[in-house]
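The file work_10.csv contains CSV, C-alpha atoms:
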chain,number,residue,atom,x,y,z
A,1,MET,CA,29.9,28.3,-3.2
A,2,GLY,CA,30.2,24.5,-3.2
A,3,GLY,CA,28.8,22.2,-5.9
A,4,VAL,CA,25.2,21.0,-5.9
A,5,LYS,CA,24.7,17.2,-5.7
A,6,SER,CA,21.5,16.1,-7.4
A,7,ILE,CA,19.6,12.9,-6.6
A,8,PRO,CA,21.7,10.0,-8.0
A,9,SER,CA,20.6,7.6,-10.6
A,10,PRO,CA,19.2,4.3,-9.4
A,11,ALA,CA,21.6,1.3,-9.0
A,12,ILE,CA,19.2,-1.1,-10.6
A,13,SER,CA,18.8,-1.1,-14.4
A,14,ALA,CA,15.6,-0.7,-16.4
A,15,ASP,CA,15.9,-4.3,-17.6
A,16,GLU,CA,16.1,-5.6,-14.0
A,17,ARG,CA,13.1,-3.7,-13.0
A,18,SER,CA,11.1,-4.7,-16.1
A,19,HIS,CA,11.8,-8.3,-15.4
A,20,GLU,CA,9.8,-8.1,-12.1
A,21,VAL,CA,7.0,-6.2,-13.9
A,22,ASP,CA,6.0,-9.1,-16.2
A,23,HIS,CA,7.9,-12.0,-14.7
A,24,PRO,CA,7.8,-11.5,-11.0
A,25,SER,CA,9.7,-13.5,-8.3
A,26,SER,CA,6.4,-14.7,-6.9
A,27,GLN,CA,3.3,-16.7,-7.8
A,28,VAL,CA,1.2,-15.3,-10.6
A,29,ALA,CA,-2.5,-15.8,-11.5
A,30,HIS,CA,-3.3,-15.3,-15.2
A,31,PHE,CA,-6.7,-14.3,-16.4
A,32,GLY,CA,-7.5,-14.7,-20.1
A,33,ALA,CA,-9.9,-13.0,-22.4
A,34,GLU,CA,-12.7,-15.1,-21.1
A,35,GLN,CA,-12.3,-13.5,-17.6
A,36,PRO,CA,-11.9,-9.8,-18.1
A,37,LEU,CA,-11.6,-7.3,-15.2
A,38,ARG,CA,-14.4,-4.8,-15.5
A,39,LEU,CA,-13.0,-1.4,-14.5
A,40,ASP,CA,-14.9,1.6,-13.2
A,41,CYS,CA,-13.8,3.6,-16.2
A,42,GLY,CA,-15.8,1.3,-18.4
A,43,VAL,CA,-12.9,-0.7,-19.8
A,44,ASP,CA,-12.7,-4.5,-19.8
A,45,LEU,CA,-9.1,-5.3,-19.0
A,46,SER,CA,-8.0,-8.6,-20.5
A,47,PRO,CA,-5.8,-10.5,-20.4
A,48,PHE,CA,-4.2,-9.5,-17.1
A,49,GLN,CA,-2.3,-11.1,-14.3
A,50,ILE,CA,-2.0,-10.8,-10.5
A,51,ALA,CA,1.3,-11.4,-8.7
A,52,TYR,CA,1.0,-12.7,-5.2
A,53,GLN,CA,2.7,-14.4,-2.2
A,54,THR,CA,1.3,-16.8,0.2
A,55,TYR,CA,2.5,-17.9,3.7
A,56,GLY,CA,1.3,-20.8,5.8
A,57,GLU,CA,-1.3,-23.4,4.9
A,58,LEU,CA,-5.0,-23.3,4.2
A,59,ASN,CA,-6.9,-25.4,6.7
A,60,ALA,CA,-9.3,-28.2,5.8
A,61,ASP,CA,-12.4,-26.1,5.5
A,62,ARG,CA,-10.6,-23.1,4.0
A,63,SER,CA,-11.6,-20.8,6.9
A,64,ASN,CA,-8.2,-19.4,8.0
A,65,ALA,CA,-7.3,-17.2,5.0
A,66,VAL,CA,-6.1,-13.7,5.7
A,67,LEU,CA,-5.7,-11.2,2.9
A,68,ILE,CA,-3.1,-8.5,3.4
A,69,CYS,CA,-3.7,-5.3,1.4
A,70,HIS,CA,-0.6,-3.2,0.7
A,71,ALA,CA,-0.2,0.5,0.9
A,72,LEU,CA,0.7,2.9,-2.0
A,73,THR,CA,4.4,1.9,-2.3
A,74,GLY,CA,4.1,-1.6,-1.0
A,75,ASP,CA,3.8,-4.9,-2.9
A,76,GLN,CA,3.2,-8.6,-2.4
A,77,HIS,CA,6.5,-9.2,-0.6
A,78,VAL,CA,5.0,-8.6,2.9
A,79,ALA,CA,7.0,-11.2,4.8
A,80,ASN,CA,9.9,-12.3,2.6
A,81,VAL,CA,13.0,-10.8,1.3
A,82,HIS,CA,12.3,-8.3,-1.5
A,83,PRO,CA,13.7,-9.5,-4.9
A,84,VAL,CA,14.8,-6.1,-6.0
A,85,THR,CA,16.1,-4.4,-2.8
A,86,GLY,CA,17.1,-7.4,-0.8
A,87,LYS,CA,15.4,-5.9,2.2
A,88,PRO,CA,13.1,-7.8,4.6
A,89,GLY,CA,9.3,-7.9,4.0
A,90,TRP,CA,7.7,-4.5,4.5
A,91,TRP,CA,5.4,-5.7,7.3
A,92,GLU,CA,7.6,-8.2,9.1
A,93,THR,CA,6.7,-6.4,12.3
A,94,LEU,CA,3.1,-7.7,12.0
A,95,VAL,CA,3.3,-10.7,9.8
A,96,GLY,CA,5.5,-13.8,10.4
A,97,PRO,CA,6.3,-16.4,13.0
A,98,GLY,CA,5.4,-15.3,16.5
A,99,ARG,CA,3.8,-12.1,15.1
A,100,PRO,CA,0.1,-11.3,15.3
A,101,ILE,CA,-0.5,-12.7,11.8
A,102,ASP,CA,1.4,-15.9,12.1
A,103,PRO,CA,1.6,-18.4,9.2
A,104,LYS,CA,1.5,-21.2,11.8
A,105,HIS,CA,-2.2,-20.2,12.3
A,106,TYR,CA,-3.3,-18.5,9.1
A,107,PHE,CA,-3.1,-18.9,5.4
A,108,ILE,CA,-1.8,-15.4,4.5
A,109,ILE,CA,-2.2,-13.9,1.0
A,110,CYS,CA,-0.8,-10.7,-0.3
A,111,SER,CA,-1.1,-9.6,-3.9
A,112,ASN,CA,0.4,-6.7,-5.8
A,113,VAL,CA,-2.5,-4.4,-6.8
A,114,ILE,CA,-3.7,-3.9,-10.3
A,115,GLY,CA,-1.8,-0.9,-11.6
A,116,GLY,CA,1.3,-1.9,-9.6
A,117,CYS,CA,4.7,-2.7,-10.9
A,118,MET,CA,5.8,-5.9,-9.2
A,119,GLY,CA,4.1,-8.4,-11.4
A,120,SER,CA,0.4,-7.4,-11.5
A,121,THR,CA,-0.8,-5.8,-14.7
A,122,GLY,CA,-0.2,-2.1,-14.8
A,123,PRO,CA,1.2,0.8,-16.8
A,124,ALA,CA,4.7,-0.7,-16.7
A,125,SER,CA,3.4,-4.0,-18.2
A,126,ILE,CA,3.5,-5.1,-21.8
A,127,ASN,CA,0.3,-4.3,-23.6
A,128,PRO,CA,-0.4,-7.6,-25.5
A,129,ALA,CA,-2.2,-5.7,-28.3
A,130,THR,CA,0.9,-3.6,-29.2
A,131,GLY,CA,3.8,-5.6,-27.8
A,132,LYS,CA,5.0,-2.4,-26.1
A,133,VAL,CA,4.8,-1.1,-22.5
A,134,TRP,CA,1.3,0.2,-21.7
A,135,GLY,CA,2.4,3.6,-20.4
A,136,LEU,CA,-0.4,6.1,-20.2
A,137,GLU,CA,-2.5,4.0,-22.6
A,138,PHE,CA,-3.3,1.9,-19.5
A,139,PRO,CA,-6.8,2.6,-18.3
A,140,VAL,CA,-7.2,4.6,-15.1
A,141,ILE,CA,-8.0,2.4,-12.1
A,142,THR,CA,-9.7,2.8,-8.8
A,143,ILE,CA,-9.6,1.1,-5.3
A,144,PRO,CA,-12.8,-0.9,-6.2
A,145,ASP,CA,-11.0,-2.2,-9.3
A,146,MET,CA,-8.1,-3.4,-7.2
A,147,VAL,CA,-10.5,-5.2,-4.9
A,148,ARG,CA,-12.4,-6.8,-7.8
A,149,ALA,CA,-9.1,-8.2,-9.0
A,150,GLN,CA,-8.3,-9.5,-5.6
A,151,ALA,CA,-11.7,-11.2,-5.4
A,152,MET,CA,-10.9,-12.9,-8.7
A,153,LEU,CA,-7.6,-14.1,-7.2
A,154,ILE,CA,-9.4,-15.4,-4.0
A,155,ASP,CA,-11.9,-17.2,-6.2
A,156,ARG,CA,-9.0,-18.8,-8.2
A,157,LEU,CA,-7.5,-20.0,-4.8
A,158,GLY,CA,-10.9,-21.7,-4.0
A,159,ILE,CA,-11.6,-19.5,-1.0
A,160,ASP,CA,-15.2,-18.4,-0.4
A,161,THR,CA,-14.8,-16.4,2.8
A,162,LEU,CA,-11.8,-14.6,4.1
A,163,PHE,CA,-11.2,-14.9,7.8
A,164,ALA,CA,-9.7,-11.4,7.8
A,165,VAL,CA,-8.8,-8.6,5.5
A,166,VAL,CA,-6.0,-6.4,6.9
A,167,GLY,CA,-4.3,-3.2,5.6
A,168,GLY,CA,-3.1,0.3,6.4
A,169,SER,CA,-3.3,3.5,4.4
A,170,MET,CA,-4.2,2.6,0.8
A,171,GLY,CA,-4.4,-1.0,2.1
A,172,GLY,CA,-7.0,0.2,4.7
A,173,MET,CA,-9.0,1.7,1.9
A,174,GLN,CA,-9.0,-1.7,0.2
A,175,VAL,CA,-10.1,-3.3,3.5
A,176,LEU,CA,-13.1,-1.0,3.7
A,177,GLN,CA,-13.9,-1.6,0.0
A,178,TRP,CA,-13.9,-5.3,0.6
A,179,THR,CA,-16.4,-5.1,3.4
A,180,ALA,CA,-18.7,-2.7,1.4
A,181,ALA,CA,-18.5,-4.7,-1.9
A,182,TYR,CA,-18.3,-8.3,-0.5
A,183,PRO,CA,-19.7,-8.1,3.0
A,184,GLY,CA,-20.6,-11.8,3.0
A,185,ARG,CA,-17.0,-12.8,2.2
A,186,VAL,CA,-15.2,-11.0,5.0
A,187,PHE,CA,-15.5,-12.4,8.5
A,188,SER,CA,-13.3,-9.7,10.1
A,189,ALA,CA,-11.6,-6.5,9.0
A,190,LEU,CA,-8.6,-4.7,10.5
A,191,ALA,CA,-8.5,-1.2,9.0
A,192,ILE,CA,-5.5,0.9,10.0
A,193,ALA,CA,-4.6,4.5,9.5
A,194,CYS,CA,-7.1,5.0,6.7
A,195,ALA,CA,-10.3,6.8,5.7
A,196,THR,CA,-13.4,6.2,3.7
A,197,ARG,CA,-12.4,8.9,1.3
A,198,HIS,CA,-9.4,10.9,0.4
A,199,SER,CA,-9.3,14.5,1.8
A,200,ALA,CA,-8.6,17.6,-0.3
A,201,GLN,CA,-5.2,18.0,1.4
A,202,ASN,CA,-4.2,14.5,0.5
A,203,ILE,CA,-5.3,15.0,-3.1
A,204,ALA,CA,-3.2,18.1,-3.1
A,205,PHE,CA,-0.1,16.3,-1.9
A,206,HIS,CA,-0.6,13.6,-4.5
A,207,GLU,CA,-0.9,16.2,-7.3
A,208,LEU,CA,2.4,17.7,-6.1
A,209,GLY,CA,4.0,14.4,-6.5
A,210,ARG,CA,2.5,13.7,-9.9
A,211,GLN,CA,3.6,17.1,-11.2
A,212,ALA,CA,7.1,16.4,-10.0
A,213,VAL,CA,7.2,13.2,-12.0
A,214,MET,CA,5.6,14.8,-15.1
A,215,ALA,CA,8.0,17.8,-14.9
A,216,ASP,CA,11.0,15.4,-15.3
A,217,PRO,CA,12.3,15.8,-18.9
A,218,ASP,CA,12.9,12.0,-18.9
A,219,TRP,CA,9.2,11.3,-18.4
A,220,HIS,CA,8.4,12.0,-22.1
A,221,GLY,CA,4.6,12.0,-21.6
A,222,GLY,CA,4.7,8.7,-19.9
A,223,GLY,CA,6.6,7.1,-22.8
A,224,TYR,CA,10.0,6.8,-21.1
A,225,ALA,CA,10.1,3.0,-21.3
A,226,ASP,CA,10.3,3.1,-25.1
A,227,ARG,CA,13.5,5.2,-24.7
A,228,GLY,CA,15.1,2.9,-22.2
A,229,ILE,CA,15.1,5.6,-19.5
A,230,HIS,CA,13.2,6.4,-16.3
A,231,PRO,CA,12.2,9.8,-14.7
A,232,HIS,CA,14.1,8.9,-11.5
A,233,ARG,CA,14.7,12.5,-10.4
A,234,GLY,CA,11.0,13.5,-10.6
A,235,LEU,CA,9.9,10.3,-8.9
A,236,ALA,CA,12.5,10.7,-6.2
A,237,VAL,CA,11.2,14.2,-5.5
A,238,ALA,CA,7.6,12.9,-5.4
A,239,ARG,CA,8.7,10.3,-2.9
A,240,MET,CA,10.6,12.8,-0.8
A,241,ALA,CA,7.5,15.1,-0.6
A,242,ALA,CA,5.2,12.1,0.3
A,243,HIS,CA,7.6,10.7,2.9
A,244,ILE,CA,7.4,14.0,4.8
A,245,THR,CA,3.6,13.4,5.2
A,246,TYR,CA,4.2,9.9,6.6
A,247,LEU,CA,6.1,11.3,9.5
A,248,SER,CA,5.4,13.9,12.3
A,249,ASP,CA,7.2,17.0,13.3
A,250,ALA,CA,8.0,15.4,16.6
A,251,ALA,CA,9.4,12.3,14.9
A,252,LEU,CA,11.6,14.3,12.6
A,253,HIS,CA,12.9,16.5,15.5
A,254,ARG,CA,13.7,13.4,17.6
A,255,LYS,CA,15.4,11.6,14.8
A,256,PHE,CA,17.3,14.5,13.2
A,257,GLY,CA,16.7,17.9,14.8
A,258,ARG,CA,18.9,20.4,13.1
A,259,ARG,CA,22.0,18.2,13.2
A,260,MET,CA,24.5,18.5,10.4
A,261,GLN,CA,25.4,15.6,8.1
A,262,ASP,CA,29.1,14.6,8.4
A,263,ARG,CA,30.2,18.2,9.1
A,264,GLU,CA,30.3,20.8,11.9
A,265,LEU,CA,29.7,23.9,9.9
A,266,PRO,CA,27.4,24.7,7.0
A,267,THR,CA,28.9,24.5,3.5
A,268,PHE,CA,27.1,27.6,2.3
A,269,SER,CA,25.9,25.6,-0.7
A,270,PHE,CA,22.8,23.6,-1.6
A,271,ASP,CA,24.3,20.3,-0.7
A,272,ALA,CA,22.7,18.2,2.0
A,273,ASP,CA,24.0,20.0,5.0
A,274,PHE,CA,21.4,18.7,7.4
A,275,GLN,CA,20.8,15.1,8.3
A,276,VAL,CA,17.1,15.4,7.5
A,277,GLU,CA,18.0,16.5,3.9
A,278,SER,CA,20.3,13.5,3.4
A,279,TYR,CA,17.7,11.2,4.8
A,280,LEU,CA,15.1,12.5,2.3
A,281,ARG,CA,17.5,12.2,-0.6
A,282,TYR,CA,18.2,8.6,0.4
A,283,GLN,CA,14.5,7.9,0.6
A,284,GLY,CA,14.0,9.3,-2.9
A,285,SER,CA,16.9,7.6,-4.6
A,286,SER,CA,16.2,4.1,-3.0
A,287,PHE,CA,12.5,4.3,-3.9
A,288,VAL,CA,13.1,4.7,-7.7
A,289,GLU,CA,15.1,1.4,-7.6
A,290,ARG,CA,12.0,-0.6,-7.1
A,291,PHE,CA,9.0,1.5,-8.3
A,292,ASP,CA,7.7,2.7,-11.7
A,293,ALA,CA,6.9,6.3,-12.2
A,294,ASN,CA,3.7,5.8,-14.1
A,295,SER,CA,2.5,3.3,-11.5
A,296,TYR,CA,2.9,6.0,-8.9
A,297,LEU,CA,0.7,8.3,-11.0
A,298,TYR,CA,-2.0,5.6,-11.4
A,299,LEU,CA,-2.1,4.5,-7.7
A,300,THR,CA,-2.1,8.0,-6.3
A,301,ARG,CA,-5.0,8.8,-8.6
A,302,ALA,CA,-6.9,5.7,-7.5
A,303,MET,CA,-6.6,6.9,-3.9
A,304,ASP,CA,-7.8,10.3,-4.9
A,305,TYR,CA,-11.0,8.9,-6.4
A,306,PHE,CA,-11.8,6.7,-3.4
A,307,ASP,CA,-15.1,7.7,-1.7
A,308,ILE,CA,-17.2,4.8,-0.3
A,309,ALA,CA,-20.2,7.0,0.5
A,310,ALA,CA,-20.4,8.4,-3.0
A,311,ASP,CA,-22.0,5.1,-4.2
A,312,HIS,CA,-24.6,5.3,-1.4
A,313,GLY,CA,-26.1,8.7,-1.8
A,314,GLY,CA,-23.4,10.3,0.3
A,315,VAL,CA,-24.6,8.4,3.4
A,316,LEU,CA,-21.6,6.4,4.7
A,317,ALA,CA,-23.7,4.2,7.0
A,318,LYS,CA,-25.6,2.8,4.0
A,319,ALA,CA,-22.4,1.3,2.7
A,320,PHE,CA,-22.3,-1.0,5.7
A,321,ALA,CA,-26.0,-1.6,6.3
A,322,GLY,CA,-26.7,-5.0,7.8
A,323,ILE,CA,-23.1,-6.1,7.6
A,324,ALA,CA,-22.0,-9.0,9.8
A,325,THR,CA,-18.2,-8.4,9.5
A,326,ARG,CA,-16.3,-7.8,12.7
A,327,PHE,CA,-14.3,-4.5,12.5
A,328,CYS,CA,-11.3,-3.2,14.3
A,329,VAL,CA,-10.3,0.4,13.4
A,330,VAL,CA,-7.0,1.7,14.5
A,331,SER,CA,-5.6,5.3,14.3
A,332,PHE,CA,-2.5,7.0,15.6
A,333,THR,CA,-2.4,10.4,17.5
A,334,SER,CA,0.3,11.9,15.4
A,335,ASP,CA,-1.0,10.8,12.0
A,336,TRP,CA,-1.9,14.0,10.2
A,337,LEU,CA,-2.3,12.3,6.8
A,338,PHE,CA,-5.2,10.2,8.0
A,339,PRO,CA,-6.1,11.8,11.4
A,340,THR,CA,-8.1,10.1,14.1
A,341,SER,CA,-11.2,12.2,13.1
A,342,GLU,CA,-11.4,10.2,9.9
A,343,SER,CA,-11.4,6.9,11.8
A,344,ARG,CA,-14.0,8.2,14.2
A,345,ALA,CA,-16.3,9.1,11.3
A,346,LEU,CA,-15.9,5.5,10.1
A,347,VAL,CA,-16.7,4.1,13.5
A,348,HIS,CA,-19.8,6.3,13.8
A,349,ALA,CA,-21.0,5.1,10.4
A,350,LEU,CA,-20.4,1.5,11.5
A,351,ASN,CA,-22.2,2.0,14.7
A,352,ALA,CA,-25.1,3.6,12.8
A,353,SER,CA,-25.3,0.4,10.7
A,354,SER,CA,-25.3,-1.8,13.8
A,355,ALA,CA,-21.9,-3.3,12.9
A,356,ARG,CA,-19.7,-5.0,15.4
A,357,VAL,CA,-16.7,-2.6,15.8
A,358,SER,CA,-13.9,-1.9,18.2
A,359,PHE,CA,-11.8,1.3,17.9
A,360,ALA,CA,-8.3,2.2,19.2
A,361,GLU,CA,-6.4,5.5,19.0
A,362,ILE,CA,-2.8,4.7,19.8
A,363,GLU,CA,-0.6,7.4,21.4
A,364,THR,CA,2.6,7.7,19.4
A,365,ASP,CA,4.7,10.5,17.8
A,366,ARG,CA,5.7,8.3,14.8
A,367,GLY,CA,3.1,9.7,12.4
A,368,HIS,CA,1.3,7.9,9.7
A,369,ASP,CA,4.1,5.3,9.3
A,370,ALA,CA,3.5,4.1,12.8
A,371,PHE,CA,1.6,1.1,11.5
A,372,LEU,CA,4.7,-0.2,9.8
A,373,LEU,CA,7.0,0.4,12.8
A,374,ASP,CA,7.6,-1.3,16.1
A,375,VAL,CA,4.6,-0.1,18.2
A,376,PRO,CA,3.8,-2.8,20.8
A,377,GLU,CA,0.4,-1.4,21.6
A,378,PHE,CA,-0.6,-1.8,18.0
A,379,PHE,CA,0.6,-5.4,17.9
A,380,ASP,CA,-1.2,-6.2,21.1
A,381,ILE,CA,-4.5,-4.8,19.8
A,382,SER,CA,-4.1,-6.6,16.4
A,383,ARG,CA,-3.3,-9.9,18.1
A,384,ALA,CA,-6.2,-9.6,20.5
A,385,PHE,CA,-8.7,-8.7,17.8
A,386,LEU,CA,-7.7,-11.6,15.5
A,387,GLN,CA,-7.6,-14.1,18.4
A,388,SER,CA,-11.1,-13.0,19.4
A,389,ALA,CA,-12.4,-13.2,15.8
A,390,GLY,CA,-10.6,-16.6,15.5
A,391,LYS,CA,-12.5,-17.9,18.5
A,392,ALA,CA,-15.8,-16.7,17.0
A,393,ARG,CA,-14.8,-18.3,13.7
A,394,GLY,CA,-13.9,-21.6,15.5
A,395,LEU,CA,-10.2,-21.5,14.7
A,396,THR,CA,-8.9,-21.5,18.2
A,397,GLY,CA,-7.5,-24.8,19.4
A,398,ARG,CA,-8.0,-26.6,16.0
A,399,LYS,CA,-5.2,-28.7,14.7
A,400,ASP,CA,-5.7,-27.4,11.2
A,401,GLY,CA,-6.3,-23.8,12.2

Mind turning the file's structure into structure tokens?
Amino acid sequence: MGGVKSIPSPAISADERSHEVDHPSSQVAHFGAEQPLRLDCGVDLSPFQIAYQTYGELNADRSNAVLICHALTGDQHVANVHPVTGKPGWWETLVGPGRPIDPKHYFIICSNVIGGCMGSTGPASINPATGKVWGLEFPVITIPDMVRAQAMLIDRLGIDTLFAVVGGSMGGMQVLQWTAAYPGRVFSALAIACATRHSAQNIAFHELGRQAVMADPDWHGGGYADRGIHPHRGLAVARMAAHITYLSDAALHRKFGRRMQDRELPTFSFDADFQVESYLRYQGSSFVERFDANSYLYLTRAMDYFDIAADHGGVLAKAFAGIATRFCVVSFTSDWLFPTSESRALVHALNASSARVSFAEIETDRGHDAFLLDVPEFFDISRAFLQSAGKARGLTGRKDG
């Protein structure tokens, strides 16, 4: 039997990764002890910082600001080259010149969420009280905590009302939380491939990933940073498992089928004989180059806790009662992580609250990740919604809009 090849160690060093954690290659907003972030767990987090990127210019009356909310493994580098991987922005299909969210027309903001690892305060950051990495001493966070921090950033930028808040997956959860918590500050909302609460199945998948991380002997109870190591094998396995949920059976079959990887016959070993195995190993090994394992634990837990209706007596429509925000809700037929039924439940709640809402279910076999890929119908819908909202907002045809 041939040898077994494990997931390789990441190419980037711990020092390189930690530099982006506390000294990111982006703009940073610092909040001192006089401006703590009140977390749902009862902790006042201070001091803290938020790393963010902006594109385009804010118009004269500050009415063209668009906030992009990133998904679980995203960050603030939505439309620029990533400083760690050197890859293009993670949503360059939607954001950029000539795209539906064009910096020529909008002032675009994207921040790394609290709990992240690309410059916003999180478990990989230095705890100023100890001078050491926070690790598991960092307080548990929620989606509402992320949005409160974003609201503080928006205040710091001098913006009262956002023209639009846009996001998919965990980003979509943030979009919905923005509209529920700050309805008067969101003119329009584009919520994509998301839900108003995490399902039991999704919580189960997240727990699988967390256990993979914690089972890595290099995790050391979350204290790996003090030892100068990283549980890259456990985090890679977590990423591999999660990545399967982002795709569909049809997409995997179309892309890989049962084709062999660089060979015609099986090796009769546990090497990556099949292309799909090699693909997943690549996804896992490349992910650990840019992401912190403890951040993965914290952000998945935040998604698990998300449930907008819980704060409104279990009645979802109450969360959006009397809201004036214009909504566009988008789902994809092959998304089994956040199926269309979840989007329809949201739309029904919005209708019950008399909100202005449009809904589109897009036919595609690309699974949950379709919102990040080249899906022309999605782009057309997004552009039309934002243009319509822009006309209602008075942005269309303005020299400064």

Dump as a ChimeraX atom specification all residues having an atom at most 8 Å from (-6.2, -10.3, -3.9), computed in the file's coordinates with all atoms listed in the file.
/A:50,52,67,69,109-113,146-147,149-154

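Minimum atom-to-atom distance to Thr340 of chain A, evaluated using only C-alpha atoms, belongs to A:Ala195 out of A:Ala392, A:Ala29, A:Ala195, A:Ala225.
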
Using only C-alpha atoms, determine which residues lie at most 6 Å from segment 89-103 of chain A, disregarding the query and same-chain residues fewer than 3 positions distant; provide the list as a PyMOL selection string.
chain A and resi 55-56+77-81+106+383

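Closest approach to Tyr282 of chain A from the set A:Ala191, A:Ala236, A:Leu297, A:Leu72 is made by A:Ala236, with distances taken over only C-alpha atoms.
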
Taken to one decimal, the atom CA of Pro231 of chain A-atom CA of Arg301 of chain A distance is 18.3 Å

Within 9 Å of segment 136-143 of chain A using all atoms listed in the file, minus same-chain residues under 5 positions, as a list in words
Leu39, Asp40, Cys41, Val43, Leu45, Ile114, Gly115, Gly122, Pro123, Ala124, Asn127, Arg148, Met170, Met173, Gln174, Gln177, Gly221, Gly222, Gly223, Asn294, Tyr298, Leu299, Arg301, Ala302, Met303, Asp304, Tyr305 and Phe306 of chain A

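Computed from the coordinates, the atom CA of Ile159 of chain A to atom CA of Ile108 of chain A distance equals 12.0 Å.
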
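Atom CA of Ser295 of chain A lies 11.8 Å from atom CA of Gly119 of chain A.
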
List as a PDB file with C-alpha atoms, in the frame of the given file the protein and nucleic acid residues near Arg366 of chain A, meaning an atom at most 10 Å away when all atoms listed in the file are counted, but skip any in the same chain fewer than 5 places from it.
ATOM      1  CA  TYR A 246       4.200   9.900   6.600  1.00  0.00           C
ATOM      2  CA  LEU A 247       6.100  11.300   9.500  1.00  0.00           C
ATOM      3  CA  SER A 248       5.400  13.900  12.300  1.00  0.00           C
ATOM      4  CA  ASP A 249       7.200  17.000  13.300  1.00  0.00           C
ATOM      5  CA  ALA A 250       8.000  15.400  16.600  1.00  0.00           C
ATOM      6  CA  ALA A 251       9.400  12.300  14.900  1.00  0.00           C
ATOM      7  CA  LEU A 252      11.600  14.300  12.600  1.00  0.00           C
ATOM      8  CA  ARG A 254      13.700  13.400  17.600  1.00  0.00           C
ATOM      9  CA  PHE A 332      -2.500   7.000  15.600  1.00  0.00           C
ATOM     10  CA  THR A 333      -2.400  10.400  17.500  1.00  0.00           C
ATOM     11  CA  SER A 334       0.300  11.900  15.400  1.00  0.00           C
ATOM     12  CA  ASP A 335      -1.000  10.800  12.000  1.00  0.00           C
ATOM     13  CA  PHE A 371       1.600   1.100  11.500  1.00  0.00           C
ATOM     14  CA  LEU A 372       4.700  -0.200   9.800  1.00  0.00           C
ATOM     15  CA  LEU A 373       7.000   0.400  12.800  1.00  0.00           C
ATOM     16  CA  ASP A 374       7.600  -1.300  16.100  1.00  0.00           C
ATOM     17  CA  VAL A 375       4.600  -0.100  18.200  1.00  0.00           C
TER      18      VAL A 375
END

Which neighbours of Ala212 of chain A fall inside 8 Å, counting all atoms listed in the file, when residues of the same chain fewer than 2 positions from it are skipped, and could you give them as an mmCIF file with C-alpha atoms, in the coordinates of the input?
data_model
loop_
_atom_site.group_PDB
_atom_site.id
_atom_site.type_symbol
_atom_site.label_atom_id
_atom_site.label_comp_id
_atom_site.auth_asym_id
_atom_site.auth_seq_id
_atom_site.Cartn_x
_atom_site.Cartn_y
_atom_site.Cartn_z
ATOM 1 C CA LEU A 208 2.400 17.700 -6.100
ATOM 2 C CA GLY A 209 4.000 14.400 -6.500
ATOM 3 C CA ARG A 210 2.500 13.700 -9.900
ATOM 4 C CA MET A 214 5.600 14.800 -15.100
ATOM 5 C CA ALA A 215 8.000 17.800 -14.900
ATOM 6 C CA ASP A 216 11.000 15.400 -15.300
ATOM 7 C CA GLY A 234 11.000 13.500 -10.600
ATOM 8 C CA LEU A 235 9.900 10.300 -8.900
ATOM 9 C CA VAL A 237 11.200 14.200 -5.500
ATOM 10 C CA ALA A 238 7.600 12.900 -5.400
#

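Proximity to Val288 of chain A was assessed for A:Gln261, A:His230, A:Gly394, A:Ser388 counting all atoms listed in the file; the smallest distance is recorded for A:His230.
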